[in-house]
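structure_12.txt, holding compact mmCIF, C-alpha atoms and all ligand atoms:
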```txt
# COMPACT_ATOMS: atom_id res chain seq x y z
CA MET G 23 99.99 110.23 101.99
CA LYS G 24 97.62 109.76 99.06
CA ILE G 25 97.16 112.89 96.95
CA ALA G 26 94.41 113.49 94.38
CA ILE G 27 94.44 116.20 91.75
CA CYS G 28 91.09 117.49 90.47
CA PRO G 29 91.88 119.48 87.32
CA GLY G 30 89.63 121.72 85.25
CA SER G 31 88.97 125.18 83.90
CA PHE G 32 86.37 126.00 86.59
CA ASP G 33 85.05 128.93 84.56
CA PRO G 34 83.19 129.19 86.92
CA ILE G 35 83.15 126.41 89.54
CA THR G 36 79.71 124.73 89.72
CA LEU G 37 77.98 122.53 92.29
CA GLY G 38 78.80 119.60 89.98
CA HIS G 39 82.54 120.28 90.35
CA LEU G 40 82.14 120.81 94.09
CA ASN G 41 80.32 117.49 94.46
CA ILE G 42 83.28 115.68 92.84
CA ILE G 43 85.82 117.61 94.97
CA ARG G 44 83.94 116.86 98.21
CA ARG G 45 83.65 113.15 97.42
CA THR G 46 87.33 113.00 96.45
CA SER G 47 88.30 114.68 99.74
CA LYS G 48 86.67 111.81 101.64
CA ILE G 49 88.75 109.19 99.79
CA PHE G 50 92.19 110.89 99.66
CA ASP G 51 94.39 112.48 102.34
CA GLU G 52 94.91 115.65 100.32
CA VAL G 53 93.16 117.09 97.26
CA ILE G 54 94.70 119.69 94.97
CA VAL G 55 92.16 121.48 92.81
CA CYS G 56 94.25 122.57 89.85
CA ILE G 57 92.92 125.35 87.67
CA MET G 58 94.25 124.82 84.19
CA HIS G 59 94.69 127.93 82.04
CA ASN G 60 93.43 125.84 79.11
CA SER G 61 94.55 127.76 76.05
CA ALA G 62 92.34 125.58 73.82
CA LYS G 63 89.27 127.30 75.26
CA SER G 64 89.06 130.83 73.94
CA SER G 65 87.96 133.86 75.97
CA PRO G 66 87.17 132.56 79.45
CA MET G 67 84.56 134.49 81.44
CA PHE G 68 86.78 134.75 84.52
CA SER G 69 90.52 135.41 84.73
CA VAL G 70 92.68 132.74 86.34
CA GLU G 71 93.05 134.97 89.44
CA GLU G 72 89.27 135.33 89.73
CA ARG G 73 88.79 131.57 89.30
CA ILE G 74 91.40 130.83 91.99
CA ASP G 75 89.62 133.18 94.37
CA MET G 76 86.18 131.68 93.66
CA VAL G 77 87.38 128.07 93.98
CA LYS G 78 89.20 128.92 97.23
CA ARG G 79 86.01 130.35 98.70
CA ALA G 80 83.95 127.37 97.53
CA VAL G 81 86.31 124.74 99.03
CA SER G 82 87.19 126.62 102.23
CA ARG G 83 84.98 124.26 104.28
CA TYR G 84 87.11 121.24 103.28
CA PRO G 85 90.34 121.23 105.35
CA ASN G 86 92.25 118.78 103.15
CA VAL G 87 91.55 120.61 99.86
CA ARG G 88 93.89 123.26 98.45
CA VAL G 89 93.91 125.25 95.23
CA ASP G 90 96.64 125.70 92.64
CA ALA G 91 96.79 126.98 89.05
CA GLN G 92 98.94 125.79 86.22
CA ASP G 93 99.77 126.72 82.67
CA CYS G 94 101.33 123.44 81.57
CA LEU G 95 100.14 120.00 80.56
CA LEU G 96 98.40 118.15 83.38
CA ALA G 97 100.60 115.09 82.77
CA GLU G 98 103.68 117.27 83.38
CA TYR G 99 102.16 118.92 86.46
CA ALA G 100 101.35 115.52 87.99
CA LYS G 101 105.07 114.62 87.94
CA ASN G 102 105.47 117.03 90.89
CA TYR G 103 103.41 114.65 93.02
CA PRO G 104 104.71 111.09 92.52
CA GLY G 105 101.98 108.52 93.17
CA CYS G 106 99.18 111.07 92.89
CA VAL G 107 95.89 110.17 91.22
CA ILE G 108 93.96 112.43 88.86
CA VAL G 109 90.27 112.43 89.77
CA LYS G 110 87.69 113.66 87.29
CA GLY G 111 83.93 113.75 87.16
CA LEU G 112 82.19 111.77 84.44
CA ARG G 113 78.82 112.96 83.23
CA ALA G 114 76.65 110.48 81.33
CA SER G 115 77.18 110.70 77.58
CA SER G 116 79.09 113.99 77.41
CA ASP G 117 82.50 113.24 78.96
CA PHE G 118 83.54 109.67 78.15
CA GLU G 119 85.05 109.97 74.64
CA TYR G 120 87.01 113.11 75.51
CA GLU G 121 88.32 111.75 78.80
CA PHE G 122 89.33 108.43 77.24
CA GLN G 123 91.34 110.25 74.56
CA MET G 124 92.94 112.62 77.10
CA ASN G 125 93.89 109.70 79.31
CA LEU G 126 95.68 107.92 76.45
CA ALA G 127 97.59 111.10 75.58
CA ASN G 128 98.51 111.71 79.23
CA LYS G 129 99.79 108.15 79.64
CA LYS G 130 102.24 108.72 76.80
CA ILE G 131 103.73 111.75 78.55
CA ASN G 132 103.56 110.39 82.09
CA PRO G 133 103.11 106.58 82.20
CA GLN G 134 103.00 106.62 86.04
CA MET G 135 99.95 108.85 86.07
CA GLU G 136 96.67 107.17 86.95
CA THR G 137 93.24 108.72 86.40
CA MET G 138 90.06 107.76 88.24
CA PHE G 139 86.55 108.82 87.41
CA LEU G 140 83.69 109.48 89.79
CA THR G 141 80.30 109.33 88.13
CA SER G 142 78.39 112.56 88.31
CA ASP G 143 75.64 112.89 90.90
CA SER G 144 72.32 112.58 89.04
CA LYS G 145 71.40 116.10 90.26
CA TYR G 146 74.36 117.56 88.36
CA ASN G 147 74.56 115.35 85.33
CA PHE G 148 73.34 118.12 83.03
CA LEU G 149 75.37 120.87 84.70
CA SER G 150 78.40 122.52 83.11
CA SER G 151 80.26 125.81 83.41
CA SER G 152 79.09 126.73 79.92
CA LEU G 153 75.45 126.27 80.98
CA VAL G 154 76.09 128.56 83.97
CA ARG G 155 77.73 131.19 81.72
CA GLU G 156 74.79 131.04 79.32
CA LEU G 157 72.21 131.33 82.13
CA ALA G 158 74.08 134.20 83.74
CA TYR G 159 74.40 136.03 80.44
CA TYR G 160 70.63 136.00 79.97
CA GLY G 161 69.90 136.83 83.61
CA GLY G 162 68.69 133.33 84.63
CA ASP G 163 68.52 132.14 88.23
CA LEU G 164 71.80 130.47 89.23
CA SER G 165 70.68 129.01 92.55
CA GLY G 166 71.17 125.25 92.64
CA TYR G 167 73.90 125.50 90.00
CA VAL G 168 76.77 127.32 91.72
CA PRO G 169 77.68 127.91 95.40
CA ASN G 170 75.36 130.60 96.83
CA GLU G 171 78.26 132.81 97.88
CA LEU G 172 79.37 133.16 94.23
CA ILE G 173 76.03 134.01 92.62
CA ASP G 174 76.34 137.82 92.90
CA GLU G 175 79.86 137.82 91.53
CA ILE G 176 78.89 135.70 88.53
CA ASN G 177 75.82 137.83 87.83
CA ASN G 178 77.87 141.03 88.02
CA LYS G 179 80.43 139.66 85.61
CA ALA G 180 77.66 138.62 83.21
CA LYS G 181 76.14 142.11 83.42
CA ASN G 182 79.47 143.64 82.40
CA TRP G 183 79.75 141.15 79.55
CA ARG G 184 76.30 142.14 78.25
CA LYS G 185 77.40 145.79 78.19
CA LYS G 186 80.39 145.00 75.95
P1 LIG D 1 87.51 121.20 81.37
O1 LIG D 1 87.95 122.53 80.94
O2 LIG D 1 88.59 120.17 81.55
O3 LIG D 1 86.30 120.68 80.62
P2 LIG D 1 85.78 121.73 83.56
O4 LIG D 1 86.10 122.81 84.51
O5 LIG D 1 84.61 121.95 82.63
O6 LIG D 1 87.10 121.45 82.84
O7 LIG D 1 85.55 120.36 84.31
C1 LIG D 1 86.56 119.81 85.11
C2 LIG D 1 86.20 118.41 85.49
O8 LIG D 1 84.97 118.38 86.19
C3 LIG D 1 85.99 117.47 84.30
O9 LIG D 1 86.50 116.20 84.67
C4 LIG D 1 84.51 117.39 84.13
O10 LIG D 1 84.12 116.18 83.58
C5 LIG D 1 84.08 117.49 85.57
N1 LIG D 1 82.75 118.04 85.67
C6 LIG D 1 82.31 119.20 85.16
N2 LIG D 1 81.02 119.39 85.46
C7 LIG D 1 80.63 118.30 86.17
C8 LIG D 1 79.39 117.88 86.76
N3 LIG D 1 78.29 118.60 86.63
N4 LIG D 1 79.38 116.70 87.43
C9 LIG D 1 80.51 115.96 87.53
N5 LIG D 1 81.68 116.29 86.99
C10 LIG D 1 81.75 117.44 86.32
```
Step by step, read the file and then write its structure as structure tokens.
Ligand code: ADP
Amino acid sequence: MKIAICPGSFDPITLGHLNIIRRTSKIFDEVIVCIMHNSAKSSPMFSVEERIDMVKRAVSRYPNVRVDAQDCLLAEYAKNYPGCVIVKGLRASSDFEYEFQMNLANKKINPQMETMFLTSDSKYNFLSSSLVRELAYYGGDLSGYVPNELIDEINNKAKNWRKK
């Protein structure tokens, strides 16, 4: 069975992430969406528990996709699934340098680990979680950026943030 791991912070999950997850689910037998705690990124908008819940709701229509969370290096986590492939989305211009560097570092820790990149759908090339957080903070319309069923939750969280 071929397993793919789609890692990320998903703070929050966007339609760009979901596009990559859906396309990966058509290629692999099983997809694990792994929410990384990512200590390098300070003050996330959503707790890991909230992100797990949101990602679970967003991927519930894909039967071969499941959700996990991890607070270790991705290269270590991947050792639990021998032969798995890491699948990441690649947006034009913004992701390449970072991903190339990460891949070299990961290979040192786990030489068996392979990473594949799916190019971003042109509709979502500009889309990032940080853009969604910024829009939500200033009360912008999130439709077309995140799954519809998550819009209220993200707006409510942003409202509470503004009050702080
Ligand atoms: P990270 O914290 O690793 O940056 P993200 O949650 O922002 O995690 O993104 C996880 C993965 O999804 C990364 O591989 C990133 O390149 C990819 N990704 C994020 N947004 C998009 C998008 N709009 N289209 C395609 N891939 C995306």
Check your understanding: When the cut-off is 8 Å and you count only C-alpha atoms and all ligand atoms, which residues lie near ligand LIG 1 (chain D), shown as number ranges by chain?
Key -> G: 28-39, 41-42, 57-58, 60, 63, 109-113, 117, 121, 139-143, 146-152
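Across G:Phe68, G:Tyr99, G:Tyr160, G:Tyr167, the tightest approach to Cys56 in chain G is made by G:Tyr99 when counting all atoms listed in the file.
Separating CA of Met124 in chain G from CA of Val55 in chain G is a distance of 18.1 Å.
A search radius of 12 Å centred on (77.4, 131.8, 78.6), applied to all atoms listed in the file, returns the residues Asp33, Pro34, Ser65, Pro66, Met67, Phe68, Ser150, Ser151, Ser152, Leu153, Val154, Arg155, Glu156, Leu157, Ala158, Tyr159, Tyr160, Gly161, Gly162, Ile176, Asn177, Lys179, Ala180, Lys181, Trp183 and Arg184 of chain G.
Distances to Ile25 in chain G were evaluated for G:Glu136, G:Glu52, G:Glu98, G:Asp174 using all atoms listed in the file, and the minimum falls at G:Glu52.
Here CA of Met138 in chain G and CA of Asn86 in chain G stand 18.7 Å from one another.
Going from CA of Ala127 in chain G to CA of Cys94 in chain G covers 14.2 Å.
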Exercise for review: Kindly indicate which residue among G:His59, G:Lys101, G:Arg88, G:Arg73 lies nearest to Leu172 in chain G, using all atoms listed in the file for the distances.
Suggested key: G:Arg73
May I have the residues within 8 Å of Ile74 in chain G as a short mmCIF file (atom, residue, chain, number, x, y, z; two decimals) with C-alpha atoms, in the coordinates of the input, using all atoms listed in the file and disregarding those fewer than 5 positions away in the same chain?
```cif
data_model
loop_
_atom_site.label_atom_id
_atom_site.label_comp_id
_atom_site.auth_asym_id
_atom_site.auth_seq_id
_atom_site.Cartn_x
_atom_site.Cartn_y
_atom_site.Cartn_z
CA ILE G 57 92.92 125.35 87.67
CA VAL G 89 93.91 125.25 95.23
CA ASP G 90 96.64 125.70 92.64
CA ALA G 91 96.79 126.98 89.05
#
```
Study note, to complete from the structure: If you count all atoms listed in the file, the residue of G:Asn128, G:Asn182, G:Glu171, G:Arg45 closest to Val77 in chain G turns out to be G:Glu171
